[in-house]
Amino acid sequence: MRPFKHCPWCGNSLAIRAMSAADSDDTRERLACTATDCSYVHYDNPTPVVAAIVQREDSVVLVQNKGWPGSFFGLMSGFLERNEHPDEAVARELHEELGLVPLSQTFLGHYAFDGMNQLILAYHMVVEGEWTLGREIAAAKAIPIAKLRAWSVGTGPALQDWLVRVRGH
Ligand SMILES: [Zn+2]
């Protein structure tokens, strides 16, 4: 994430400082406002992201978002809208990105994506029929479950756990 340089409350500069025990039990170093009369702290909390293992028959549909590096394909994913429940968000993303409506939808678990400061909420969705690529999607492909190999970061661990459950490895 691009760091802020200025305080969004008062416009003064931000600097890293150690929180003191006087503030709270929080003793981490955080980006905070340098103005003495301003208490803004940039907590940099993780952003939730919904992601889905989209299963069509014996395959999983992987997508390549526009702007992703190289030839990387991953699970369909997206951000929540304000006040949107993750269950609704993941179904909306499926419709926006692949033009599909899930026949079933199951929450699998949550996965930390430390490099991106995200918390991935992983789902399994069953679909049928042909997909149509949404505005943000460069390409999609269906990979047979028997041949699928998970990657190590991001949505990969969620896929890996699911593969172990459905095929034993
Ligand atoms: Zn400030």
# chains A, B, ... in the order shown; residues from 1 in each chain; ligands from 1
>>> residues_near_ligand(ligand="ligand 1", cutoff="10 Å", atoms="only C-alpha atoms and all ligand atoms", output="list in words")
His6, Cys7, Pro8, Trp9, Cys10, Gly11, Asn12, Ser13, Leu14, Ala32, Cys33, Thr34, Ala35, Thr36, Asp37, Cys38, Ser39, Tyr40 and Val41 of chain A
>>> select_by_dssp(residues="region 62-152 of chain A", states="alpha helix (DSSP H)", output="MDAnalysis selection string")
chainID A and resid 86:98
>>> write_last_selection(atoms="C-alpha atoms", output="PDB file, in the first residue's frame")
ATOM      1  CA  PRO A  86     -18.891 -10.930   2.312  1.00  0.00           C
ATOM      2  CA  ASP A  87     -21.406 -13.584   1.182  1.00  0.00           C
ATOM      3  CA  GLU A  88     -23.053 -10.978  -1.046  1.00  0.00           C
ATOM      4  CA  ALA A  89     -19.741  -9.481  -2.184  1.00  0.00           C
ATOM      5  CA  VAL A  90     -18.346 -12.758  -3.467  1.00  0.00           C
ATOM      6  CA  ALA A  91     -21.545 -13.508  -5.419  1.00  0.00           C
ATOM      7  CA  ARG A  92     -21.501  -9.982  -6.865  1.00  0.00           C
ATOM      8  CA  GLU A  93     -17.865 -10.382  -7.917  1.00  0.00           C
ATOM      9  CA  LEU A  94     -18.680 -13.698  -9.602  1.00  0.00           C
ATOM     10  CA  HIS A  95     -21.368 -11.959 -11.611  1.00  0.00           C
ATOM     11  CA  GLU A  96     -19.210  -8.929 -12.452  1.00  0.00           C
ATOM     12  CA  GLU A  97     -16.059 -10.847 -13.350  1.00  0.00           C
ATOM     13  CA  LEU A  98     -17.453 -13.972 -15.027  1.00  0.00           C
TER      14      LEU A  98
END
>>> closest_residue(among="A:Gly99, A:Pro48, A:Gly70, A:Gly154", to="Glu84 (chain A)", atoms="only C-alpha atoms")
A:Pro48
>>> residues_around(residues="region 136-142 of chain A", least_positions_apart="5", cutoff="9 Å", atoms="only C-alpha atoms", output="mmCIF file with N, CA and C atoms, in the first residue's frame")
data_model
loop_
_atom_site.group_PDB
_atom_site.id
_atom_site.type_symbol
_atom_site.label_atom_id
_atom_site.label_comp_id
_atom_site.auth_asym_id
_atom_site.auth_seq_id
_atom_site.Cartn_x
_atom_site.Cartn_y
_atom_site.Cartn_z
ATOM 1 N N GLN A 55 -15.827 -23.630 -9.072
ATOM 2 C CA GLN A 55 -15.782 -24.981 -9.648
ATOM 3 C C GLN A 55 -16.861 -25.147 -10.710
ATOM 4 N N ARG A 56 -16.428 -25.602 -11.896
ATOM 5 C CA ARG A 56 -17.369 -25.943 -12.962
ATOM 6 C C ARG A 56 -17.066 -27.382 -13.357
ATOM 7 N N SER A 59 -13.492 -28.981 -13.009
ATOM 8 C CA SER A 59 -12.434 -27.985 -13.175
ATOM 9 C C SER A 59 -12.643 -26.808 -12.227
ATOM 10 N N VAL A 60 -11.576 -26.035 -12.048
ATOM 11 C CA VAL A 60 -11.654 -24.768 -11.320
ATOM 12 C C VAL A 60 -11.329 -23.643 -12.300
ATOM 13 N N VAL A 61 -12.137 -22.609 -12.279
ATOM 14 C CA VAL A 61 -11.946 -21.475 -13.184
ATOM 15 C C VAL A 61 -11.003 -20.475 -12.514
ATOM 16 N N LEU A 62 -9.862 -20.231 -13.149
ATOM 17 C CA LEU A 62 -8.901 -19.234 -12.662
ATOM 18 C C LEU A 62 -8.978 -18.008 -13.561
ATOM 19 N N VAL A 63 -8.696 -16.869 -12.992
ATOM 20 C CA VAL A 63 -8.786 -15.628 -13.760
ATOM 21 C C VAL A 63 -7.463 -14.866 -13.709
ATOM 22 N N GLN A 64 -7.285 -14.029 -14.732
ATOM 23 C CA GLN A 64 -6.164 -13.093 -14.746
ATOM 24 C C GLN A 64 -6.763 -11.696 -14.762
ATOM 25 N N ASN A 65 -6.543 -10.967 -13.665
ATOM 26 C CA ASN A 65 -7.032 -9.587 -13.627
ATOM 27 C C ASN A 65 -6.178 -8.728 -14.545
ATOM 28 N N LYS A 66 -6.797 -7.731 -15.155
ATOM 29 C CA LYS A 66 -6.028 -6.778 -15.945
ATOM 30 C C LYS A 66 -4.977 -6.133 -15.040
ATOM 31 N N GLY A 67 -3.761 -6.035 -15.520
ATOM 32 C CA GLY A 67 -2.701 -5.417 -14.731
ATOM 33 C C GLY A 67 -1.927 -6.382 -13.859
ATOM 34 N N TRP A 68 -2.334 -7.655 -13.810
ATOM 35 C CA TRP A 68 -1.546 -8.625 -13.044
ATOM 36 C C TRP A 68 -0.272 -8.921 -13.808
ATOM 37 N N PHE A 73 -2.375 -16.478 -13.194
ATOM 38 C CA PHE A 73 -3.810 -16.668 -13.019
ATOM 39 C C PHE A 73 -4.053 -17.008 -11.548
ATOM 40 N N GLU A 96 -19.921 -10.001 -11.744
ATOM 41 C CA GLU A 96 -19.210 -8.929 -12.452
ATOM 42 C C GLU A 96 -18.037 -9.451 -13.272
ATOM 43 N N GLU A 97 -17.304 -10.418 -12.711
ATOM 44 C CA GLU A 97 -16.059 -10.847 -13.350
ATOM 45 C C GLU A 97 -16.277 -11.948 -14.371
ATOM 46 N N LEU A 98 -17.276 -12.827 -14.124
ATOM 47 C CA LEU A 98 -17.453 -13.972 -15.027
ATOM 48 C C LEU A 98 -18.876 -14.095 -15.558
ATOM 49 N N TRP A 131 -18.738 -18.663 -19.206
ATOM 50 C CA TRP A 131 -18.480 -17.367 -18.569
ATOM 51 C C TRP A 131 -18.322 -16.281 -19.620
#
>>> closest_residue(among="A:Gln118, A:Gly134, A:Phe107, A:Gly74", to="Arg149 (chain A)", atoms="only C-alpha atoms")
A:Gly74
>>> closest_residue(among="A:Lys5, A:His124, A:Arg135, A:His110", to="Leu75 (chain A)", atoms="only C-alpha atoms")
A:His124
>>> residues_around(residues="Leu31 (chain A)", least_positions_apart="4", cutoff="9 Å", atoms="only C-alpha atoms", output="MDAnalysis selection string")
chainID A and resid 3:4 14:18 40:44
>>> write_last_selection(atoms="C-alpha atoms", output="CSV table (one decimal), in the first residue's frame")
chain,number,residue,atom,x,y,z
A,3,PRO,CA,2.0,5.2,2.5
A,4,PHE,CA,0.4,8.5,3.4
A,14,LEU,CA,3.3,12.0,9.4
A,15,ALA,CA,6.2,10.2,11.0
A,16,ILE,CA,6.9,6.8,12.4
A,17,ARG,CA,6.8,6.8,16.2
A,18,ALA,CA,6.5,4.1,18.9
A,40,TYR,CA,-4.3,10.8,14.2
A,41,VAL,CA,-2.6,7.4,13.9
A,42,HIS,CA,-2.4,5.5,10.7
A,43,TYR,CA,-3.2,2.0,12.0
A,44,ASP,CA,-2.8,0.3,8.5
>>> select_by_dssp(residues="region 49-160 of chain A", states="strand (DSSP E)", output="PyMOL selection string")
chain A and resi 49-56+59-65+76-79+104-113+118-127+137-144
>>> decode(residues="region 156-167 of chain A", atoms="N, CA and C atoms", output="mmCIF file, in the first residue's frame")
data_model
loop_
_atom_site.group_PDB
_atom_site.id
_atom_site.type_symbol
_atom_site.label_atom_id
_atom_site.label_comp_id
_atom_site.auth_asym_id
_atom_site.auth_seq_id
_atom_site.Cartn_x
_atom_site.Cartn_y
_atom_site.Cartn_z
ATOM 1 N N GLY A 156 -3.465 -18.664 -2.872
ATOM 2 C CA GLY A 156 -2.949 -20.022 -3.059
ATOM 3 C C GLY A 156 -3.191 -20.953 -1.875
ATOM 4 N N PRO A 157 -2.888 -20.528 -0.647
ATOM 5 C CA PRO A 157 -3.100 -21.427 0.500
ATOM 6 C C PRO A 157 -4.556 -21.878 0.675
ATOM 7 N N ALA A 158 -5.504 -21.028 0.361
ATOM 8 C CA ALA A 158 -6.921 -21.426 0.443
ATOM 9 C C ALA A 158 -7.205 -22.524 -0.573
ATOM 10 N N LEU A 159 -6.661 -22.349 -1.779
ATOM 11 C CA LEU A 159 -6.842 -23.368 -2.818
ATOM 12 C C LEU A 159 -6.166 -24.668 -2.398
ATOM 13 N N GLN A 160 -4.966 -24.552 -1.826
ATOM 14 C CA GLN A 160 -4.227 -25.751 -1.403
ATOM 15 C C GLN A 160 -5.028 -26.542 -0.364
ATOM 16 N N ASP A 161 -5.572 -25.860 0.632
ATOM 17 C CA ASP A 161 -6.365 -26.551 1.673
ATOM 18 C C ASP A 161 -7.565 -27.261 1.048
ATOM 19 N N TRP A 162 -8.205 -26.595 0.098
ATOM 20 C CA TRP A 162 -9.388 -27.185 -0.550
ATOM 21 C C TRP A 162 -8.994 -28.406 -1.383
ATOM 22 N N LEU A 163 -7.880 -28.304 -2.108
ATOM 23 C CA LEU A 163 -7.407 -29.441 -2.921
ATOM 24 C C LEU A 163 -7.123 -30.647 -2.052
ATOM 25 N N VAL A 164 -6.496 -30.415 -0.900
ATOM 26 C CA VAL A 164 -6.200 -31.525 0.005
ATOM 27 C C VAL A 164 -7.509 -32.186 0.462
ATOM 28 N N ARG A 165 -8.528 -31.375 0.702
ATOM 29 C CA ARG A 165 -9.804 -31.941 1.152
ATOM 30 C C ARG A 165 -10.495 -32.734 0.059
ATOM 31 N N VAL A 166 -10.474 -32.230 -1.183
ATOM 32 C CA VAL A 166 -11.262 -32.893 -2.236
ATOM 33 C C VAL A 166 -10.504 -34.030 -2.929
ATOM 34 N N ARG A 167 -9.175 -33.990 -2.928
ATOM 35 C CA ARG A 167 -8.454 -35.064 -3.626
ATOM 36 C C ARG A 167 -7.384 -35.732 -2.769
#
